[in-house]
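> Here you go, this is upload-v8.txt (compact mmCIF, C-alpha atoms).
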# COMPACT_ATOMS: atom_id res chain seq x y z
CA MET A 1 16.30 9.00 -23.36
CA THR A 2 15.01 11.58 -25.84
CA ARG A 3 17.05 14.63 -26.81
CA GLU A 4 14.32 16.83 -25.33
CA TYR A 5 14.63 15.06 -21.98
CA GLN A 6 18.43 15.18 -22.10
CA ASN A 7 18.26 18.93 -22.73
CA TYR A 8 15.86 19.25 -19.81
CA LEU A 9 18.31 17.49 -17.47
CA ASN A 10 20.92 20.08 -18.45
CA SER A 11 18.56 23.00 -17.90
CA PRO A 12 18.49 25.52 -15.02
CA GLN A 13 14.91 24.39 -14.24
CA TRP A 14 15.99 20.81 -13.55
CA ASN A 15 19.07 21.95 -11.64
CA GLU A 16 16.86 24.02 -9.33
CA LYS A 17 14.53 21.09 -8.68
CA ARG A 18 17.47 18.76 -8.13
CA ASN A 19 19.05 21.09 -5.59
CA LYS A 20 15.75 21.48 -3.72
CA ARG A 21 15.31 17.71 -3.47
CA LEU A 22 18.91 17.30 -2.29
CA GLN A 23 18.23 19.84 0.46
CA ILE A 24 15.01 18.07 1.49
CA ASP A 25 16.92 14.78 1.87
CA GLY A 26 19.86 16.41 3.67
CA CYS A 27 22.19 15.62 0.75
CA LYS A 28 22.01 11.92 1.69
CA CYS A 29 20.68 8.83 -0.01
CA ALA A 30 17.11 8.19 1.17
CA ILE A 31 17.79 4.43 1.39
CA CYS A 32 21.30 3.84 2.74
CA GLY A 33 22.11 7.31 4.10
CA ASN A 34 25.32 7.71 2.11
CA ALA A 35 26.39 11.27 1.45
CA GLY A 36 28.88 12.66 -1.01
CA GLN A 37 29.26 13.95 -4.52
CA HIS A 38 27.81 10.96 -6.35
CA LEU A 39 24.13 11.43 -5.54
CA ASN A 40 21.32 11.15 -8.09
CA VAL A 41 17.87 12.68 -7.90
CA HIS A 42 15.59 9.86 -9.00
CA HIS A 43 12.07 10.04 -10.43
CA ILE A 44 9.65 8.17 -8.16
CA THR A 45 7.08 8.51 -10.93
CA TYR A 46 7.56 9.37 -14.58
CA ARG A 47 4.03 10.70 -14.99
CA ASN A 48 5.12 14.31 -14.54
CA ILE A 49 8.37 14.39 -16.49
CA MET A 50 9.54 17.99 -16.96
CA HIS A 51 6.73 19.15 -14.64
CA GLU A 52 7.87 17.36 -11.48
CA ASP A 53 6.58 18.11 -8.01
CA VAL A 54 9.79 18.25 -5.99
CA GLU A 55 8.08 16.97 -2.84
CA ASN A 56 6.26 13.98 -4.34
CA ASP A 57 7.90 13.01 -7.62
CA LEU A 58 11.62 13.01 -6.78
CA ILE A 59 13.99 11.43 -4.25
CA THR A 60 17.74 11.50 -3.57
CA LEU A 61 19.66 8.25 -4.07
CA CYS A 62 23.30 7.24 -4.26
CA ARG A 63 24.38 5.51 -7.46
CA PRO A 64 24.22 1.94 -6.07
CA CYS A 65 20.73 2.48 -4.62
CA HIS A 66 19.60 4.21 -7.82
CA ALA A 67 20.81 1.23 -9.88
CA MET A 68 19.19 -1.16 -7.38
CA LEU A 69 15.78 0.49 -7.76
CA HIS A 70 16.02 0.37 -11.54
CA ARG A 71 16.84 -3.36 -11.38
CA ILE A 72 13.85 -3.99 -9.11
CA ARG A 73 11.55 -2.01 -11.41
CA GLU A 74 12.79 -3.71 -14.55
CA CYS A 75 12.63 -7.24 -13.10
CA SER A 76 9.13 -6.74 -11.66
CA ALA A 77 7.71 -4.92 -14.69
CA THR A 78 5.82 -7.95 -16.04
CA GLU A 79 4.06 -8.71 -12.75
CA TYR A 80 3.27 -5.04 -12.20
CA GLU A 81 1.82 -4.58 -15.69
CA ASN A 82 -0.21 -7.78 -15.32
CA TYR A 83 -1.67 -6.36 -12.10
CA LYS A 84 -2.50 -2.98 -13.62
CA LYS A 85 -4.18 -4.52 -16.69
CA SER A 86 -5.98 -7.36 -14.91
CA GLU A 87 -9.73 -7.82 -14.84
CA PRO A 88 -11.45 -7.24 -11.46
CA GLN A 89 -11.76 -10.97 -10.70
CA PHE A 90 -7.98 -11.39 -11.09
CA LYS A 91 -6.94 -8.11 -9.48
CA GLU A 92 -6.21 -9.39 -5.98
CA ALA A 93 -4.21 -12.42 -7.14
CA ARG A 94 -2.17 -10.31 -9.57
CA LYS A 95 -1.60 -7.74 -6.84
CA ASP A 96 -0.27 -10.46 -4.50
CA ALA A 97 2.03 -11.72 -7.27
CA ALA A 98 3.44 -8.25 -7.92
CA GLU A 99 3.99 -7.55 -4.22
CA LYS A 100 5.71 -10.91 -3.76
CA LYS A 101 7.99 -10.37 -6.76
CA ILE A 102 9.04 -6.89 -5.62
CA SER A 103 9.69 -8.12 -2.07
CA GLU A 104 11.77 -11.05 -3.36
CA LEU A 105 13.87 -8.76 -5.57
CA ALA A 106 14.42 -6.33 -2.70
CA THR A 107 15.49 -9.20 -0.44
CA VAL A 108 18.08 -10.39 -2.95
CA GLU A 109 19.40 -6.85 -3.44
CA ILE A 110 19.83 -6.24 0.31
CA TRP A 111 21.34 -9.70 0.84
CA GLN A 112 23.93 -9.19 -1.90
CA ARG A 113 24.80 -5.70 -0.74
CA ASP A 114 25.02 -6.83 2.87
CA PHE A 115 27.68 -9.41 2.05
CA SER A 116 29.54 -7.10 -0.33
CA VAL A 117 30.07 -4.49 2.40
CA GLY A 118 30.61 -6.94 5.24
CA GLY A 119 27.43 -7.47 7.27
CA ASP A 120 27.68 -7.27 11.01
CA CYS A 121 24.78 -4.82 11.22
CA LYS A 122 24.50 -5.53 14.99
CA ILE A 123 22.51 -8.67 14.14
CA PHE A 124 20.62 -7.12 11.25
CA ASP A 125 19.69 -3.79 12.89
CA ALA A 126 21.37 -1.61 10.27
CA GLY A 127 20.26 -3.96 7.49
CA ALA A 128 16.71 -3.86 8.84
CA GLY A 129 16.87 -0.06 8.85
CA MET A 130 17.90 -0.06 5.22
CA ILE A 131 15.14 -2.55 4.42
CA GLY A 132 12.64 -0.23 6.08
CA LYS A 133 13.83 2.73 4.03
CA LEU A 134 13.87 0.70 0.82
CA SER A 135 10.33 -0.47 1.57
CA ASN A 136 9.25 3.15 2.09
CA VAL A 137 10.70 4.17 -1.28
CA LEU A 138 9.12 1.16 -3.00
CA GLY A 139 5.83 2.16 -1.40
CA MET A 140 6.20 5.60 -2.99
CA ILE A 141 6.97 4.07 -6.40
CA TYR A 142 4.09 1.59 -6.13
CA PRO A 143 1.49 3.43 -3.98
CA GLU A 144 -1.20 0.85 -4.77
CA LEU A 145 1.03 -2.02 -3.63
CA LYS A 146 2.57 -2.86 -0.28
CA PRO A 147 5.96 -4.54 -0.72
CA ASN A 148 6.36 -6.21 2.64
CA GLY A 149 9.40 -4.91 4.49
CA LEU A 150 8.81 -7.35 7.34
CA ASP A 151 8.92 -10.31 4.97
CA ILE A 152 12.14 -8.98 3.49
CA LYS A 153 13.66 -8.63 6.94
CA ASN A 154 12.61 -12.10 8.04
CA THR A 155 13.82 -13.70 4.82
CA LEU A 156 17.16 -11.94 5.09
CA ARG A 157 17.50 -12.92 8.73
CA LEU A 158 16.74 -16.57 7.97
CA ALA A 159 19.04 -16.69 4.94
CA ARG A 160 21.96 -15.34 6.92
CA ALA A 161 21.29 -17.70 9.82
CA MET A 162 21.22 -20.64 7.42
CA LYS A 163 24.56 -19.56 5.96
CA ILE A 164 26.11 -19.27 9.42
CA CYS A 165 24.82 -22.72 10.45
CA GLU A 166 26.04 -24.22 7.17
CA LEU A 167 29.55 -22.86 7.71
CA TYR A 168 29.60 -24.00 11.35
CA ARG A 169 28.54 -27.52 10.38
CA ALA A 170 31.40 -27.52 7.87
CA ASP A 171 33.77 -27.14 10.85
CA GLU A 172 34.54 -23.46 10.44
CA SER A 173 35.14 -21.77 13.77
CA ILE A 174 33.03 -18.88 14.96
CA SER A 175 35.98 -16.55 14.41
CA GLN A 176 36.40 -17.79 10.84
CA ILE A 177 32.69 -17.35 10.13
CA ALA A 178 32.74 -13.88 11.64
CA GLU A 179 35.69 -12.88 9.47
CA ARG A 180 34.11 -14.36 6.34
CA LEU A 181 30.77 -12.59 6.86
CA GLY A 182 32.09 -9.38 8.35
CA MET A 183 30.33 -10.00 11.67
CA LYS A 184 31.36 -9.84 15.29
CA PRO A 185 32.11 -13.29 16.77
CA SER A 186 29.64 -12.59 19.58
CA ASN A 187 26.86 -12.03 17.05
CA VAL A 188 27.72 -15.22 15.16
CA TYR A 189 27.54 -17.03 18.51
CA LYS A 190 24.10 -15.54 19.22
CA VAL A 191 22.78 -16.74 15.86
CA LEU A 192 24.14 -20.26 16.44
CA LYS A 193 22.70 -20.35 19.95
CA ARG A 194 19.31 -19.22 18.64
CA HIS A 195 19.38 -22.08 16.13
CA GLY A 196 20.18 -24.90 18.52
CA PHE A 197 23.97 -24.90 18.78
CA ASN A 198 24.03 -23.60 22.35
CA GLN A 199 25.74 -26.74 23.67
CA THR A 200 28.52 -26.86 21.10
CA ALA A 201 29.19 -23.31 19.96
CA ARG A 202 32.27 -21.72 21.41
CA ILE A 203 33.98 -18.49 20.50
CA LYS A 204 37.52 -19.44 19.53
Could you quickly redo this structure as structure tokens?

Amino acid sequence: MTREYQNYLNSPQWNEKRNKRLQIDGCKCAICGNAGQHLNVHHITYRNIMHEDVENDLITLCRPCHAMLHRIRECSATEYENYKKSEPQFKEARKDAAEKKISELATVEIWQRDFSVGGDCKIFDAGAGMIGKLSNVLGMIYPELKPNGLDIKNTLRLARAMKICELYRADESISQIAERLGMKPSNVYKVLKRHGFNQTARIK
């Protein structure tokens, strides 16, 4: 961060833009919906630094979501740059590679966060909502790409189901699995039933 940019972030001009963006987003994180004092106004694009369009260049994020986006951007930078610099005959393949990488990173981020906060999510509904919002923000950051929110949702759903089945096969009860994963026992039962344990699964 240059001194000029640091001075800009401390200026009345930036403070005015920041407050406008906070108002647009209802003083809530645009991805997870968290509100509070620890909100950041994030640059969707760095093309217009110090001349930002409040509507199109900025977005409100909580600190965890802000850090998450930076991790996704940093870890997908190589694939994204390869796509942008590729010759026409390689453009489509490089685009697919960049979209896949971004989607994979987003899946891991949501999966890790889901378990860290407990993850009932009414069988993924809340998690799916967050995935949708994250996909929207990623679509704003990478307007020429389409990180696939549906793929993220399906991968997350399958990964959790596999974990539940693995624990059940290891003789953990539905109640134990529910406690471990922060889910309702009835939702653990539904996952097991959907994956072929309908004859043996019992809520204990």
> A:Asp53: which residues within 12 Å, counting only C-alpha atoms, same-chain residues fewer than 5 positions away excluded, as a list in words?
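In the requested format, the answer is Trp14, Glu16, Lys17, Arg18, Lys20, Arg21, His43, Ile44, Thr45, Tyr46, Arg47, Asn48, Leu58 and Ile59 of chain A.
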> Rank nothing, just name the residue among A:Val108, A:Met50, A:Leu192, A:Cys165 nearest to A:Ser11, using all atoms listed in the file.
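Distance minimum relative to A:Ser11 lands on A:Met50.
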> In Å, with one decimal, what is the gap from atom CA of A:Ile141 to atom CA of A:Pro12?
25.8 Å
> Which value, in Å to one decimal, gives the distance between atom CA of A:Leu39 and atom CA of A:Thr60?
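Atom CA of A:Thr60 lies 6.7 Å from atom CA of A:Leu39.
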> From the set A:Pro143, A:Asn10, A:Ile110, A:Glu104, which residue has the shortest atom-to-atom contact distance to A:Cys75, counting all atoms listed in the file?
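When distances to A:Cys75 are compared using all atoms listed in the file, the smallest one comes from A:Glu104.
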